[in-house]
Amino acid sequence: MEFRPCIDIHNGKVKQIVGGSLKDSGDQAQENFVSEQDAAFYAALYQKNKLKGGHIILLNSYDSPYYEETRKQALAALQAYPGGLQVGGGITPENAGDYLNAGASHVIVTSYVFREGRIDYDRLERLVYAVGRERLVLDVSCKRVGEKYLVVTGDIIWQKLTEEIVNEALLEKLSAYCGEFLIHAVDVEGKARGIEQDLVKNLGGYTGNPVTYAGGVHSMEDLLLLKELGRNRMNVTIGSALALFGGSMKWKDVLKICSEEV
């Protein structure tokens, strides 16, 4: 298990928000933490501590009055840590190269690929052609519906259900098109109420591309449970529960648990 750091940017500021509270219009979200530091500060901190594979997420839509400031913050973070961070939020074949050239190791994509309730393979193939399979991360963030977990998208984040079921079979199918997966458990994201255990169990047997899980980790007990249920194969990102973002979990302790053998 690896710890993957994060930098979420909304209205030009580094924030931690409650999952699903961000709306496509109005630039409003329920905030857990708003940093006084800029995105480049966190990128430099991650570089200093040799933390790779983390992600920057732009949380403003292209037509938002805050978009350019958010984008500037993202580009400054990439410049501060070239090759060390992934970036997502409004990525298309047309702009992906700009972020890769600016220093992103990978681009992260959801809504461009999951369209009208299903996977758009034509768009997926255009992305692979534009950036290469190994530099593409597919975000298959999901919401529980009955006994299933369905991919959820939105112009920005987590508002539109698709018909795609998140399970090992989906990851196997999509692994031919990407180098990694990012999965937010939307129902528990930012709510500090524990991990989505059934989701982790369902994916624990997958042995293909690296998978990073996010959602609900707010204690060392949660982290240990994720490590057990994910069979020490699933990477983890932690947001508002991290001391760096106003929480109680010290990342040195997180790194220690992640590096230990099960």
# chains A, B, ... in the order shown; residues from 1 in each chain; ligands from 1
call {"tool": "select_by_dssp", "arguments": {"residues": "region 6-253 of chain A", "states": "strand (DSSP E)", "output": "ChimeraX atom specification"}}
result
/A:6-10,13-17,31-34,54-58,85-88,106-109,114-115,118-119,136-139,142-145,148-153,160-165,180-184,211-214,235-237
call {"tool": "select_by_dssp", "arguments": {"residues": "region 18-247 of chain A", "states": "helix (DSSP H, G or I)", "output": "JSON, numbers by chain"}}
result
{"A": [39, 40, 41, 42, 43, 44, 45, 46, 47, 48, 67, 68, 69, 70, 71, 72, 73, 74, 75, 76, 77, 78, 79, 80, 96, 97, 98, 99, 100, 101, 102, 121, 122, 123, 124, 125, 126, 127, 128, 129, 130, 131, 133, 134, 135, 168, 169, 170, 171, 172, 173, 174, 197, 198, 199, 200, 201, 202, 203, 220, 221, 222, 223, 224, 225, 226, 227, 228, 229, 243, 244, 245]}
call {"tool": "write_last_selection", "arguments": {"atoms": "C-alpha atoms", "output": "PDB file, in the first residue's frame"}}
result
ATOM      1  CA  ALA A  39      -0.969  24.733  -4.124  1.00  0.00           C
ATOM      2  CA  ALA A  40       2.747  25.124  -4.878  1.00  0.00           C
ATOM      3  CA  PHE A  41       3.479  25.006  -1.137  1.00  0.00           C
ATOM      4  CA  TYR A  42       1.908  21.554  -0.857  1.00  0.00           C
ATOM      5  CA  ALA A  43       3.595  20.325  -4.029  1.00  0.00           C
ATOM      6  CA  ALA A  44       7.003  21.381  -2.719  1.00  0.00           C
ATOM      7  CA  LEU A  45       6.243  19.719   0.620  1.00  0.00           C
ATOM      8  CA  TYR A  46       5.351  16.459  -1.105  1.00  0.00           C
ATOM      9  CA  GLN A  47       8.511  16.630  -3.197  1.00  0.00           C
ATOM     10  CA  LYS A  48      10.652  17.268  -0.110  1.00  0.00           C
ATOM     11  CA  TYR A  67     -11.483  28.739 -13.275  1.00  0.00           C
ATOM     12  CA  GLU A  68      -8.388  30.635 -14.379  1.00  0.00           C
ATOM     13  CA  GLU A  69      -7.219  31.207 -10.813  1.00  0.00           C
ATOM     14  CA  THR A  70      -7.772  27.531 -10.014  1.00  0.00           C
ATOM     15  CA  ARG A  71      -5.888  26.528 -13.160  1.00  0.00           C
ATOM     16  CA  LYS A  72      -2.991  28.851 -12.295  1.00  0.00           C
ATOM     17  CA  GLN A  73      -2.730  27.218  -8.881  1.00  0.00           C
ATOM     18  CA  ALA A  74      -2.640  23.764 -10.492  1.00  0.00           C
ATOM     19  CA  LEU A  75       0.047  24.753 -12.982  1.00  0.00           C
ATOM     20  CA  ALA A  76       2.138  26.335 -10.213  1.00  0.00           C
ATOM     21  CA  ALA A  77       1.941  23.083  -8.236  1.00  0.00           C
ATOM     22  CA  LEU A  78       3.051  21.072 -11.280  1.00  0.00           C
ATOM     23  CA  GLN A  79       5.943  23.436 -11.802  1.00  0.00           C
ATOM     24  CA  ALA A  80       6.951  23.087  -8.148  1.00  0.00           C
ATOM     25  CA  ALA A  96      -4.311  17.030 -21.613  1.00  0.00           C
ATOM     26  CA  GLY A  97      -1.016  17.729 -23.336  1.00  0.00           C
ATOM     27  CA  ASP A  98      -0.821  21.175 -21.728  1.00  0.00           C
ATOM     28  CA  TYR A  99      -0.842  19.625 -18.258  1.00  0.00           C
ATOM     29  CA  LEU A 100       1.614  16.868 -19.175  1.00  0.00           C
ATOM     30  CA  ASN A 101       3.969  19.450 -20.681  1.00  0.00           C
ATOM     31  CA  ALA A 102       3.578  21.538 -17.518  1.00  0.00           C
ATOM     32  CA  TYR A 121     -15.201   4.096 -26.004  1.00  0.00           C
ATOM     33  CA  ASP A 122     -14.651   6.490 -28.923  1.00  0.00           C
ATOM     34  CA  ARG A 123     -13.741   9.239 -26.477  1.00  0.00           C
ATOM     35  CA  LEU A 124     -11.664   6.846 -24.411  1.00  0.00           C
ATOM     36  CA  GLU A 125      -9.659   5.839 -27.475  1.00  0.00           C
ATOM     37  CA  ARG A 126      -9.118   9.495 -28.405  1.00  0.00           C
ATOM     38  CA  LEU A 127      -7.703  10.109 -24.940  1.00  0.00           C
ATOM     39  CA  VAL A 128      -5.385   7.113 -25.173  1.00  0.00           C
ATOM     40  CA  TYR A 129      -4.198   8.329 -28.569  1.00  0.00           C
ATOM     41  CA  ALA A 130      -3.575  11.832 -27.174  1.00  0.00           C
ATOM     42  CA  VAL A 131      -1.722  10.955 -23.964  1.00  0.00           C
ATOM     43  CA  ARG A 133      -2.300   4.486 -21.958  1.00  0.00           C
ATOM     44  CA  GLU A 134       0.355   4.628 -19.241  1.00  0.00           C
ATOM     45  CA  ARG A 135      -0.233   8.319 -18.526  1.00  0.00           C
ATOM     46  CA  GLU A 168     -13.224  -6.248 -10.649  1.00  0.00           C
ATOM     47  CA  ALA A 169     -14.720  -6.979 -14.075  1.00  0.00           C
ATOM     48  CA  LEU A 170     -15.000  -3.254 -14.891  1.00  0.00           C
ATOM     49  CA  LEU A 171     -11.415  -2.611 -13.815  1.00  0.00           C
ATOM     50  CA  GLU A 172     -10.206  -5.542 -15.907  1.00  0.00           C
ATOM     51  CA  LYS A 173     -12.088  -4.215 -18.942  1.00  0.00           C
ATOM     52  CA  LEU A 174     -10.802  -0.661 -18.580  1.00  0.00           C
ATOM     53  CA  GLN A 197     -15.975  -1.589   3.457  1.00  0.00           C
ATOM     54  CA  ASP A 198     -18.046  -3.525   0.923  1.00  0.00           C
ATOM     55  CA  LEU A 199     -16.520  -1.580  -1.968  1.00  0.00           C
ATOM     56  CA  VAL A 200     -12.999  -2.317  -0.754  1.00  0.00           C
ATOM     57  CA  LYS A 201     -13.851  -6.005  -0.281  1.00  0.00           C
ATOM     58  CA  ASN A 202     -15.318  -6.159  -3.800  1.00  0.00           C
ATOM     59  CA  LEU A 203     -12.113  -4.799  -5.296  1.00  0.00           C
ATOM     60  CA  MET A 220      -5.437   4.764  11.967  1.00  0.00           C
ATOM     61  CA  GLU A 221      -8.022   2.029  12.583  1.00  0.00           C
ATOM     62  CA  ASP A 222      -9.688   2.930   9.272  1.00  0.00           C
ATOM     63  CA  LEU A 223      -6.328   2.808   7.540  1.00  0.00           C
ATOM     64  CA  LEU A 224      -5.508  -0.605   8.976  1.00  0.00           C
ATOM     65  CA  LEU A 225      -8.929  -1.911   7.937  1.00  0.00           C
ATOM     66  CA  LEU A 226      -8.440  -0.611   4.404  1.00  0.00           C
ATOM     67  CA  LYS A 227      -5.060  -2.284   4.290  1.00  0.00           C
ATOM     68  CA  GLU A 228      -6.566  -5.600   5.432  1.00  0.00           C
ATOM     69  CA  LEU A 229      -9.656  -5.595   3.203  1.00  0.00           C
ATOM     70  CA  ALA A 243      -3.218  16.880  10.136  1.00  0.00           C
ATOM     71  CA  LEU A 244      -1.907  18.807   7.130  1.00  0.00           C
ATOM     72  CA  PHE A 245      -5.529  19.760   6.356  1.00  0.00           C
TER      73      PHE A 245
END
call {"tool": "atom_distance", "arguments": {"atom1": "CA of Val151 (chain A)", "atom2": "CA of Tyr177 (chain A)"}}
result
16.8 Å
call {"tool": "residues_around", "arguments": {"residues": "region 55-65 of chain A", "least_positions_apart": "3", "cutoff": "6 Å", "atoms": "only C-alpha atoms", "output": "list of chain:residue names"}}
result
A:Cys6, A:Ile7, A:Asp8, A:Ile9, A:His10, A:Leu85, A:Gln86, A:Val87, A:Gly88, A:Gly89
call {"tool": "write_last_selection", "arguments": {"atoms": "N, CA and C atoms", "output": "short mmCIF file (atom, residue, chain, number, x, y, z; two decimals), in the first residue's frame"}}
result
data_model
loop_
_atom_site.label_atom_id
_atom_site.label_comp_id
_atom_site.auth_asym_id
_atom_site.auth_seq_id
_atom_site.Cartn_x
_atom_site.Cartn_y
_atom_site.Cartn_z
N CYS A 6 -2.76 14.60 -1.84
CA CYS A 6 -3.71 15.29 -2.72
C CYS A 6 -3.61 16.80 -2.56
N ILE A 7 -4.05 17.49 -3.61
CA ILE A 7 -4.21 18.95 -3.60
C ILE A 7 -5.52 19.24 -4.33
N ASP A 8 -6.57 19.55 -3.61
CA ASP A 8 -7.86 19.90 -4.21
C ASP A 8 -7.97 21.43 -4.25
N ILE A 9 -8.29 21.97 -5.44
CA ILE A 9 -8.31 23.42 -5.62
C ILE A 9 -9.70 23.87 -6.03
N HIS A 10 -10.26 24.80 -5.28
CA HIS A 10 -11.62 25.31 -5.54
C HIS A 10 -11.63 26.81 -5.34
N LEU A 85 3.23 14.59 -9.66
CA LEU A 85 1.80 14.67 -9.37
C LEU A 85 0.95 14.44 -10.61
N GLN A 86 -0.23 13.89 -10.40
CA GLN A 86 -1.24 13.73 -11.43
C GLN A 86 -2.21 14.91 -11.36
N VAL A 87 -2.96 15.14 -12.44
CA VAL A 87 -3.91 16.26 -12.43
C VAL A 87 -5.21 15.84 -13.10
N GLY A 88 -6.33 16.29 -12.52
CA GLY A 88 -7.64 16.00 -13.07
C GLY A 88 -8.59 17.16 -12.88
N GLY A 89 -9.69 17.11 -13.63
CA GLY A 89 -10.69 18.17 -13.57
C GLY A 89 -10.85 18.83 -14.92
#
call {"tool": "residues_around", "arguments": {"residues": "Val236 (chain A)", "least_positions_apart": "6", "cutoff": "7 Å", "atoms": "only C-alpha atoms", "output": "ChimeraX atom specification"}}
result
/A:2-4,212-214
call {"tool": "residues_around", "arguments": {"residues": "Met249 (chain A)", "least_positions_apart": "4", "cutoff": "8 Å", "atoms": "only C-alpha atoms", "output": "ChimeraX atom specification"}}
result
/A:218-220,241-243,253-254
call {"tool": "closest_residue", "arguments": {"among": "A:Glu164, A:Glu260, A:Glu196, A:Asp139", "to": "Val211 (chain A)", "atoms": "only C-alpha atoms"}}
result
A:Asp139
call {"tool": "closest_residue", "arguments": {"among": "A:Ser111, A:Asn49, A:Phe33, A:Gly194", "to": "Leu255 (chain A)", "atoms": "only C-alpha atoms"}}
result
A:Asn49
call {"tool": "atom_distance", "arguments": {"atom1": "CA of Gly54 (chain A)", "atom2": "CA of Val152 (chain A)"}}
result
21.3 Å
call {"tool": "atom_distance", "arguments": {"atom1": "CA of Leu150 (chain A)", "atom2": "CA of Gly179 (chain A)"}}
result
21.0 Å
call {"tool": "residues_around", "arguments": {"residues": "Gly246 (chain A)", "least_positions_apart": "5", "cutoff": "10 Å", "atoms": "only C-alpha atoms", "output": "list in words"}}
result
Gln16, Asn32, Phe33, Val34, Ser35, Gly239, Ser240 and Ala241 of chain A
